[in-house]
Structure formats: structure tokens, C-alpha cells
>>> print(open('work17.cif').read())   # mmCIF, C-alpha atoms
data_coords
#
loop_
_atom_site.label_atom_id
_atom_site.label_comp_id
_atom_site.auth_asym_id
_atom_site.auth_seq_id
_atom_site.Cartn_x
_atom_site.Cartn_y
_atom_site.Cartn_z
CA MET A 29 57.61 106.21 70.52
CA ASN A 30 57.66 108.27 67.37
CA TRP A 31 58.89 107.23 63.94
CA THR A 32 62.38 108.73 64.41
CA SER A 33 63.14 106.38 67.26
CA LEU A 34 62.34 103.48 64.94
CA LEU A 35 64.90 104.77 62.45
CA PHE A 36 67.59 105.77 64.93
CA LYS A 37 68.24 103.20 67.60
CA ARG A 38 67.42 104.81 70.92
CA ARG A 39 70.23 104.99 73.45
CA GLY A 40 68.96 103.13 76.50
CA SER A 41 69.32 104.18 80.11
CA ALA A 42 71.93 101.51 80.91
CA PRO A 43 74.91 103.63 79.76
CA VAL A 44 73.75 106.35 82.14
CA ALA A 45 73.56 103.82 84.99
CA ARG A 46 77.02 102.60 84.16
CA GLU A 47 78.51 106.08 84.10
CA ARG A 48 76.85 107.13 87.36
CA LEU A 49 78.09 103.99 89.09
CA GLN A 50 81.65 104.40 87.89
CA ILE A 51 81.83 107.97 89.19
CA LEU A 52 80.10 107.17 92.48
CA LEU A 53 82.15 104.08 93.25
CA ALA A 54 85.44 105.77 92.45
CA HIS A 55 84.49 108.40 95.01
CA GLU A 56 83.26 105.94 97.65
CA ARG A 57 86.27 103.68 97.28
CA SER A 58 88.69 106.55 97.80
CA ALA A 59 86.73 107.74 100.85
CA LEU A 60 86.86 104.26 102.39
CA GLY A 61 90.49 103.92 101.33
CA GLN A 62 91.31 107.07 103.32
CA SER A 63 89.83 105.65 106.49
CA ASN A 64 92.09 102.63 105.96
CA LEU A 65 94.99 105.01 105.36
CA ILE A 66 94.40 106.58 108.77
CA THR A 67 94.51 103.17 110.45
CA VAL A 68 97.75 102.30 108.65
CA LEU A 69 99.33 105.68 109.45
CA ARG A 70 98.30 105.42 113.08
CA GLU A 71 99.91 101.99 113.44
CA GLU A 72 103.12 102.96 111.69
CA ILE A 73 103.51 106.22 113.61
CA LEU A 74 102.89 104.33 116.84
CA ALA A 75 105.49 101.71 115.89
CA ALA A 76 108.10 104.38 115.03
CA ILE A 77 107.58 106.29 118.29
CA SER A 78 107.51 103.21 120.49
CA ARG A 79 110.95 102.24 119.21
CA HIS A 80 112.27 105.21 121.21
CA VAL A 81 109.78 105.83 124.00
CA ALA A 82 107.05 103.82 125.59
CA VAL A 83 103.68 105.17 124.50
CA ASP A 84 100.22 104.07 125.27
CA PRO A 85 98.53 103.00 121.98
CA GLU A 86 95.42 104.86 123.15
CA SER A 87 97.34 108.15 123.37
CA VAL A 88 97.91 108.46 119.61
CA GLN A 89 95.23 110.38 117.74
CA VAL A 90 95.33 110.62 113.98
CA THR A 91 92.73 112.64 112.11
CA MET A 92 92.48 113.61 108.52
CA ASP A 93 90.49 116.50 107.20
CA ARG A 94 89.65 116.55 103.54
CA GLY A 95 89.24 119.90 101.91
CA ALA A 96 88.69 120.90 98.31
CA ALA A 97 92.20 122.26 97.73
CA ILE A 98 94.22 120.68 100.53
CA SER A 99 93.79 117.99 103.13
CA THR A 100 95.36 118.10 106.56
CA LEU A 101 96.77 115.30 108.63
CA GLU A 102 96.75 115.89 112.36
CA ILE A 103 98.75 113.67 114.68
CA GLU A 104 98.61 114.02 118.44
CA VAL A 105 100.85 111.86 120.56
CA GLU A 106 101.05 111.92 124.32
CA ILE A 107 104.62 111.11 125.34
CA PRO A 108 105.25 110.41 129.02
CA ASN A 109 107.90 112.52 130.84
CA LEU A 110 111.45 111.51 130.02
CA GLU A 111 112.28 109.88 133.40
CA GLU A 112 109.06 107.87 133.24
CA ALA A 113 109.86 106.87 129.68
CA GLU A 114 113.37 105.79 130.60
CA LYS A 115 112.06 103.69 133.46
CA ALA A 116 109.67 102.06 131.07
CA ALA A 117 112.42 101.50 128.49
CA VAL A 118 114.57 99.70 131.08
CA ASN A 119 111.77 97.24 131.57
CA PHE A 120 111.87 96.14 127.92
CA MET B 5 88.63 69.72 102.81
CA ALA B 6 85.50 71.64 103.63
CA ASN B 7 84.70 74.86 101.81
CA VAL B 8 82.86 77.61 103.62
CA VAL B 9 81.08 79.83 101.11
CA VAL B 10 79.25 83.01 102.05
CA VAL B 11 76.37 84.05 99.80
CA THR B 12 76.05 87.78 100.30
CA SER B 13 74.98 91.00 98.57
CA GLY B 14 74.51 93.96 100.87
CA LYS B 15 71.18 94.80 99.31
CA GLY B 16 68.09 92.84 100.23
CA GLY B 17 65.80 91.05 97.81
CA VAL B 18 68.39 90.34 95.14
CA GLY B 19 68.19 86.55 95.51
CA LYS B 20 70.63 85.44 98.22
CA THR B 21 68.31 82.84 99.71
CA THR B 22 67.13 81.56 96.33
CA SER B 23 70.76 81.33 95.22
CA THR B 24 71.91 79.60 98.41
CA ALA B 25 69.14 77.03 97.92
CA GLY B 26 69.90 76.70 94.19
CA LEU B 27 73.67 76.34 94.53
CA GLY B 28 73.38 74.12 97.61
CA THR B 29 70.96 71.74 95.95
CA ALA B 30 72.98 71.63 92.72
CA LEU B 31 76.19 70.88 94.67
CA ALA B 32 74.45 68.17 96.70
CA GLN B 33 73.13 66.56 93.52
CA THR B 34 76.70 65.87 92.46
CA GLY B 35 77.09 63.76 95.61
CA GLN B 36 78.90 66.41 97.67
CA ARG B 37 77.84 66.69 101.29
CA VAL B 38 76.29 70.14 101.64
CA VAL B 39 74.82 72.14 104.49
CA VAL B 40 73.06 75.45 103.92
CA VAL B 41 73.15 77.69 106.98
CA ASP B 42 70.64 80.50 107.46
CA PHE B 43 72.27 83.49 109.19
CA ASP B 44 69.21 85.71 108.90
CA VAL B 45 68.20 85.71 112.57
CA GLY B 46 64.62 86.86 113.05
CA LEU B 47 63.83 86.71 109.32
CA ARG B 48 64.61 83.15 108.36
CA ASN B 49 63.43 82.06 104.94
CA LEU B 50 65.80 79.41 103.70
CA ASP B 51 63.60 76.77 105.38
CA LEU B 52 60.62 78.02 103.39
CA VAL B 53 62.40 78.09 100.03
CA LEU B 54 63.57 74.52 100.68
CA GLY B 55 60.11 73.39 101.81
CA ALA B 56 61.36 72.40 105.27
CA GLU B 57 59.53 75.03 107.35
CA ARG B 58 57.38 72.48 109.17
CA ARG B 59 60.35 70.36 110.15
CA VAL B 60 62.21 73.05 112.11
CA VAL B 61 62.41 72.10 115.79
CA PHE B 62 65.79 73.44 116.91
CA ASP B 63 67.87 76.11 115.21
CA PHE B 64 71.32 77.64 114.77
CA ILE B 65 70.99 79.78 117.92
CA ASN B 66 70.05 76.77 120.06
CA VAL B 67 73.27 75.12 118.85
CA VAL B 68 75.39 78.25 119.31
CA GLN B 69 74.11 78.62 122.86
CA GLY B 70 74.80 74.97 123.59
CA VAL B 71 71.15 74.14 124.29
CA VAL B 72 71.14 71.28 121.78
CA LYS B 73 73.73 69.30 119.84
CA LEU B 74 74.41 70.21 116.21
CA HIS B 75 72.84 67.00 114.84
CA GLN B 76 69.58 67.82 116.62
CA ALA B 77 69.18 71.04 114.67
CA LEU B 78 70.30 69.80 111.25
CA ILE B 79 67.44 68.97 108.87
CA ARG B 80 68.10 66.50 106.07
CA ASP B 81 66.43 67.24 102.74
CA LYS B 82 63.83 64.66 101.73
CA ARG B 83 64.72 64.80 98.05
CA VAL B 84 68.51 65.10 97.95
CA GLU B 85 70.04 62.97 100.65
CA THR B 86 73.39 64.80 100.87
CA LEU B 87 71.69 68.18 101.44
CA TRP B 88 71.14 69.50 104.97
CA LEU B 89 69.75 72.71 106.42
CA LEU B 90 70.71 74.54 109.59
CA PRO B 91 67.80 76.96 110.07
CA ALA B 92 68.06 80.40 111.68
CA SER B 93 66.07 81.27 114.72
CA GLN B 94 62.97 83.44 114.60
CA THR B 95 64.04 85.15 117.85
CA ARG B 96 64.19 88.91 117.72
CA ASP B 97 67.43 89.09 119.66
CA LYS B 98 70.05 90.03 117.10
CA ASP B 99 72.90 89.40 119.53
CA ALA B 100 71.93 85.80 120.07
CA LEU B 101 74.73 84.71 117.74
CA THR B 102 78.10 85.07 119.45
CA ASP B 103 81.47 85.19 117.68
CA GLU B 104 82.82 82.20 119.62
CA GLY B 105 79.60 80.22 119.21
CA VAL B 106 79.51 80.72 115.45
CA ALA B 107 83.22 79.84 115.16
CA ARG B 108 82.64 76.61 117.08
CA VAL B 109 79.60 75.57 115.00
CA ILE B 110 81.37 76.33 111.70
CA GLY B 111 84.31 74.28 112.97
CA GLU B 112 82.00 71.33 113.71
CA LEU B 113 80.32 71.67 110.31
CA ARG B 114 83.73 71.60 108.60
CA ASN B 115 84.25 68.08 109.97
CA LYS B 116 80.93 66.82 108.63
CA PHE B 117 80.47 68.47 105.25
CA ASP B 118 82.22 69.22 101.96
CA TRP B 119 80.38 72.53 101.48
CA ILE B 120 79.02 74.95 104.04
CA LEU B 121 76.92 77.65 102.36
CA CYS B 122 76.19 80.61 104.60
CA ASP B 123 73.10 82.57 103.58
CA SER B 124 73.87 86.11 104.75
CA PRO B 125 71.25 88.58 105.91
CA ALA B 126 71.01 91.85 103.96
CA GLY B 127 72.87 94.88 105.25
CA ILE B 128 76.37 95.38 106.62
CA GLU B 129 75.55 94.83 110.28
CA ARG B 130 76.67 92.12 112.63
CA GLY B 131 74.63 89.33 111.03
CA ALA B 132 76.23 89.96 107.65
CA THR B 133 79.77 90.20 109.04
CA LEU B 134 79.25 87.01 111.09
CA ALA B 135 78.05 85.16 107.99
CA MET B 136 81.22 86.13 106.05
CA ARG B 137 83.64 85.82 108.98
CA HIS B 138 84.85 82.23 108.38
CA ALA B 139 84.40 82.11 104.61
CA ASP B 140 86.93 80.50 102.28
CA MET B 141 85.06 81.85 99.27
CA ALA B 142 82.37 84.44 98.59
CA VAL B 143 79.50 84.54 96.14
CA ILE B 144 78.22 88.08 95.69
CA VAL B 145 74.68 88.09 94.37
CA THR B 146 74.07 91.15 92.20
CA ASN B 147 71.16 92.40 90.16
CA PRO B 148 72.04 94.43 87.07
CA GLU B 149 70.74 97.56 88.72
CA VAL B 150 72.54 100.59 90.24
CA SER B 151 71.69 100.18 93.93
CA SER B 152 72.52 96.48 93.92
CA VAL B 153 75.89 97.05 92.21
CA ARG B 154 76.78 99.82 94.63
CA ASP B 155 75.94 97.66 97.66
CA SER B 156 77.91 94.77 96.18
CA ASP B 157 80.93 97.05 95.96
CA ARG B 158 80.50 97.91 99.62
CA ILE B 159 80.24 94.23 100.60
CA ILE B 160 83.40 93.45 98.59
CA GLY B 161 85.20 96.04 100.76
CA LEU B 162 83.96 94.28 103.90
CA LEU B 163 85.00 90.87 102.56
CA ASP B 164 88.49 92.30 102.08
CA SER B 165 88.71 93.59 105.64
CA LYS B 166 86.38 91.78 108.05
CA THR B 167 86.91 88.12 107.19
CA GLU B 168 89.37 85.84 108.99
CA ARG B 169 91.20 85.25 105.73
CA ALA B 170 91.59 88.97 105.09
CA GLU B 171 92.89 89.49 108.62
CA ARG B 172 95.48 86.77 108.08
CA GLY B 173 96.48 88.51 104.86
CA GLU B 174 95.22 85.64 102.70
CA GLN B 175 93.24 85.79 99.50
CA LEU B 176 89.49 85.30 99.66
CA PRO B 177 88.25 84.20 96.22
CA LYS B 178 85.17 86.19 95.29
CA HIS B 179 82.69 85.58 92.50
CA ILE B 180 79.79 87.55 91.11
CA LEU B 181 76.49 85.79 90.55
CA VAL B 182 74.25 87.99 88.44
CA THR B 183 70.58 87.26 89.13
CA ARG B 184 67.32 88.49 87.60
CA PHE B 185 69.10 89.23 84.34
CA ASP B 186 66.74 90.19 81.56
CA PRO B 187 68.51 89.66 78.22
CA ALA B 188 65.89 91.53 76.22
CA ARG B 189 66.18 94.67 78.31
CA ALA B 190 69.97 94.44 78.40
CA SER B 191 70.13 94.13 74.62
CA ARG B 192 67.93 97.22 74.27
CA GLY B 193 70.32 99.10 76.55
CA GLU B 194 67.71 99.41 79.29
CA MET B 195 69.61 97.25 81.78
CA LEU B 196 73.27 97.07 82.71
CA ASN B 197 74.80 94.22 80.78
CA ILE B 198 77.05 91.53 82.20
CA ALA B 199 80.25 93.17 80.97
CA ASP B 200 79.27 96.47 82.69
CA VAL B 201 78.68 94.76 86.05
CA LEU B 202 81.93 92.78 85.90
CA GLU B 203 83.95 95.78 84.82
CA ILE B 204 82.58 97.97 87.60
CA LEU B 205 83.10 95.34 90.31
CA SER B 206 86.24 93.85 88.70
CA LEU B 207 85.57 90.31 89.86
CA PRO B 208 85.10 87.05 87.95
CA LEU B 209 81.64 85.79 87.05
CA LEU B 210 80.22 82.63 88.62
CA GLY B 211 77.02 82.57 86.61
CA ILE B 212 74.07 84.43 85.16
CA ILE B 213 70.62 83.55 86.44
CA PRO B 214 68.02 84.89 84.03
CA GLU B 215 64.85 86.54 85.29
CA SER B 216 62.29 83.75 85.18
CA GLU B 217 58.80 82.83 86.33
CA GLU B 218 60.22 79.48 87.37
CA VAL B 219 61.96 81.01 90.40
CA LEU B 220 58.71 82.23 91.98
CA ARG B 221 56.91 79.06 90.97
CA ALA B 222 59.56 76.98 92.74
CA SER B 223 59.50 79.06 95.92
CA ASN B 224 55.69 78.89 96.00
CA ILE B 225 55.99 75.12 96.09
CA GLY B 226 58.96 74.99 98.45
CA ALA B 227 61.32 73.24 96.07
CA PRO B 228 64.56 74.83 94.81
CA VAL B 229 64.21 75.63 91.11
CA VAL B 230 66.98 73.10 90.43
CA LEU B 231 64.62 70.31 91.59
CA ASN B 232 61.30 71.78 90.58
CA ASN B 233 62.13 72.26 86.92
CA PRO B 234 65.66 71.03 86.18
CA GLU B 235 65.32 71.82 82.47
CA SER B 236 64.45 75.49 83.03
CA ALA B 237 66.97 78.23 82.28
CA PRO B 238 67.51 79.32 85.92
CA ALA B 239 67.94 75.69 87.05
CA ARG B 240 70.58 75.06 84.40
CA ALA B 241 72.30 78.30 85.32
CA TYR B 242 72.45 77.27 89.00
CA MET B 243 73.78 73.83 88.08
CA ASP B 244 76.51 75.34 85.90
CA SER B 245 77.38 77.86 88.63
CA ALA B 246 77.67 75.07 91.21
CA ARG B 247 80.05 73.16 88.96
CA ARG B 248 82.16 76.29 88.47
CA LEU B 249 82.27 76.66 92.24
CA MET B 250 83.74 73.13 92.31
CA GLY B 251 86.44 74.35 89.97
CA GLU B 252 85.14 72.92 86.69
CA GLN B 253 85.54 74.91 83.50
CA ILE B 254 82.12 75.40 81.99
CA ASP B 255 81.34 77.73 79.12
CA MET B 256 79.36 80.75 80.20
CA ILE B 257 76.06 81.03 78.38
CA VAL B 258 74.78 84.59 78.31
CA PRO B 259 71.02 84.20 78.16
CA SER B 260 69.72 85.49 74.88
CA GLU B 261 66.49 87.06 73.90
CA LYS B 262 63.75 84.65 72.89
CA ARG B 263 61.28 86.44 70.67
CA GLY B 264 58.59 84.94 68.53
CA PHE B 265 57.53 86.33 65.18
CA PHE B 266 54.60 88.32 66.56
CA ASN B 267 56.57 89.68 69.46
CA LYS B 268 59.26 90.83 67.05
CA LEU B 269 56.63 92.41 64.88
CA PHE B 270 55.09 94.32 67.76
CA GLY B 271 58.32 94.89 69.59
CA ARG B 272 57.14 93.25 72.76
CA ARG B 273 59.19 90.97 74.92
CA ALA B 274 58.39 87.29 75.01
CA ALA B 275 57.46 86.01 78.47
#
>>> encode(input="work17.cif", output="C-alpha cells")
Amino acid sequence: MNWTSLLFKRRGSAPVARERLQILLAHERSALGQSNLITVLREEILAAISRHVAVDPESVQVTMDRGAAISTLEIEVEIPNLEEAEKAAVNF
Amino acid sequence: MANVVVVTSGKGGVGKTTSTAGLGTALAQTGQRVVVVDFDVGLRNLDLVLGAERRVVFDFINVVQGVVKLHQALIRDKRVETLWLLPASQTRDKDALTDEGVARVIGELRNKFDWILCDSPAGIERGATLAMRHADMAVIVTNPEVSSVRDSDRIIGLLDSKTERAERGEQLPKHILVTRFDPARASRGEMLNIADVLEILSLPLLGIIPESEEVLRASNIGAPVVLNNPESAPARAYMDSARRLMGEQIDMIVPSEKRGFFNKLFGRRAA
């Protein structure tokens, strides 16, 4: 400690900790939020499709790829052949 | 109506067990019937902090597996007669606790007690999610330190998704309990202050437990700090926190720096 730090109150390390945490947590929360988003999207897409055709919940794949400029959402749904689907729909 | 409270943190060593013992004892001293449940399978310590380690015969896992009845595993505190302990097992099998078994035991405890405090293991694995599963309320123990705050944030996310209440779309009240707070360092800007922690985690504060020699002294002896030195700052802080948990409005006292003349002169912190 030199004499200048006695005159000018030293800025502690706590503000640095606070700033680092705020940035980090904002990032981590949005990353976790996206994985929730995928679950929500998957369920809603499944619900919308199954109003028209019978689909196996396991046959819906939703993936999200995050890039710097753009992110892509990929949805893959296996829909049974129409006759099969109609048979299934009759059973509802 | 019984209240199931999970005491959790994500990070280890922040004071979950000490806080479970402190809050549990303080609640029991008001005449409430309290059981503290150790969920830390393989690394139990709540028995030690409460000074009951030599009285453990049966444990939580024995009850979950139906080997013994609940009352055979419950240990009544010798000092506070409304305080009970359900110890964890020292078995190394992490899967010994089953979802159904834990649900059944918590259900039985709800009929017997006013407060069920679940001392969570560290981490975000099965033990931690089982401890929070049936909670009506959560106490998140946080040190004013970056890794602890980050892990608390993570645990808050789990509380909002993995608990029964969250799955039913209900609110799970959550409170922050700041432990090991050093007012002198915080005032010098060397430690996150209370406002920083609350702002980052955006949850209400249950209490502030100051860093104190009394906490180690009490655990050495095997008596919760609330009993070992009721006049000490951490004991008072636990008592106030327990009363807030019961819904009482109690003014929050932010611990302040205690510095004598010589310490001020030489710029050193008072012990």
C-alpha cells in the first residue's frame, strides 16, 4: 500500500466480481432458457400435428443450432402413410 | 399444515448443514415440531453438527427401504424436545434412495411435524434433486463469492423445473440465506455486498449470517450455534431467519464492522 491509496479510496475487487457474474449469468440463463424453448417447441409442434395425424411422440426431433449471426431450428417429424394415419384417426 | 423446506446451494461447503441445524433448532425453540432430514447419502454430517453421531442406529435409507419403521430411525434432540433428526446413511450406494420411498417418508413426516428441513447434498445430481423434490419452500445458502452465487443461480433454475410444485405450475417460495458474510471486507469493496447478491439472484433475503468463530466452535462441540452461544451474532441471525421463515416481519440487521481504536489506527480488521 503506498500513500496514494490512503488518499484515494481504492476500488475493491467486489465490483469486478459483480460485473463478471452479471455477464456470465445472463449468458448461462439464456443458454438454459433455449433448452427449455426446445422442449416447449417440441410439445407444441407435436400437439399441432397430432390434431391432424397420429404421430408417435418419439418420432419428433427438434434441434437448435446456435451460430454467431443466425441460429437454425430443425424439425424432423415422421408421419405414417396416409392410410395408416386414417386408420389410426378412426380409432380416436 | 406441515412445511417442507429444502436447504440447498449447489456449491459445497457454503454452510447448508450448519444452516439446517441452526434454522431447525431455532424453529424448534419456538415450540414448533421440527425434523431435520439429512439427504447427503454417504457423507452424512448433520448428526455430527447436532452432536447426535453416537445415537444413530437406523437411518433414512433403512426407512425408505422398509427395513425399519420411521419412529425407529428418528432421533430426538436431548436439549430441545421438539427437535428430531432423521440421519442419512453412510452407505456408498447413491441409488439407495428411491423416488417412491422418499415420497412416502416425506408424506409420513408431514403427518408428524410442523417443519421438515431437508439438508441437501452439494451438486445438482440425484441426491440434490431428491432433497428439493417435495419442497414447499427453499432456502438457498449463498456465500458472497462468485462461484457460490453462480451455483445458487443454477440451483434456482432446478427449483423452478424439477420440484413437484414447479411441475404442477405452482409457486415455490425461495429465499436467500447469505452465510459467511464479512462486513469489514464488504465495506472495503473486497467482498460482494448483500445488495449485489440479491440483485444478481433476484430473490428475497431470509437472513445474513456473519462470518464468525462461533460457528466452528459450536460444530467442534456438537451443539448448533443457536444453543451453544445464543447471544452470538450468528445465533441471533439464525433465530431471526427462523422467525422470518415462520412469516414474521423482523427488521434485517446488516452486520456492521466492529473495529476498535487500535484496529482503526492500523487498518486491521477486528476478530
>>> axis_aligned_box(input="work17.cif", around="segment 89-103 of chain A", padding_each_side="8 Å", output="lines of an AutoDock Vina configuration file")
center_x = 93.7
center_y = 116.3
center_z = 107.7
size_x = 26.1
size_y = 27.9
size_z = 36.0
>>> interface_residues(input="work17.cif", of="chain B", to="chain A", cutoff="10 Å", atoms="all atoms listed in the file", output="list in words")
Pro148, Glu149, Val150, Ser151, Val153, Arg154, Asp155, Asp157, Arg158, Gly161, Ser165, Arg189, Ala190, Ser191, Arg192, Gly193, Glu194, Met195, Leu196, Asn197, Asp200, Val201, Glu203, Ile204 and Leu205 of chain B
>>> resolve_selection(input="work17.cif", expression="the PyMOL selection byres ((chain A and resi 89-104) around 12)", output="ChimeraX atom specification")
/A:58-59,62-74,77,83-88,105-107
>>> atom_distance(input="work17.cif", atom1="atom CA of Arg83 of chain B", atom2="atom CA of Leu231 of chain B")
8.5 Å
>>> closest_residue(input="work17.cif", among="B:Glu218, B:Asp118, B:Glu168, B:Asp244", to="Asp103 of chain B", atoms="only C-alpha atoms")
B:Glu168
>>> atom_distance(input="work17.cif", atom1="atom CA of Ile51 of chain A", atom2="atom CA of Val11 of chain B")
26.7 Å
>>> resolve_selection(input="work17.cif", expression="the PyMOL selection byres ((chain B and resi 37) around 10)", output="list in words")
Ala6, Gly28, Leu31, Ala32, Gln33, Thr34, Gly35, Gln36, Val38, Val39, Glu85, Thr86, Leu87, Trp88, Lys116, Phe117, Asp118, Trp119 and Ile120 of chain B
>>> atom_distance(input="work17.cif", atom1="atom CA of Phe62 of chain B", atom2="atom CA of Ala132 of chain B")
21.6 Å
>>> resolve_selection(input="work17.cif", expression="the PyMOL selection byres ((chain B and resi 24) around 9)", output="number ranges by chain")
B: 10-11, 19-23, 25-29, 40-41, 50, 121-123
>>> closest_residue(input="work17.cif", among="B:Ser260, B:Thr167, B:Ser245, B:Ser156", to="Leu207 of chain B", atoms="all atoms listed in the file")
B:Ser156
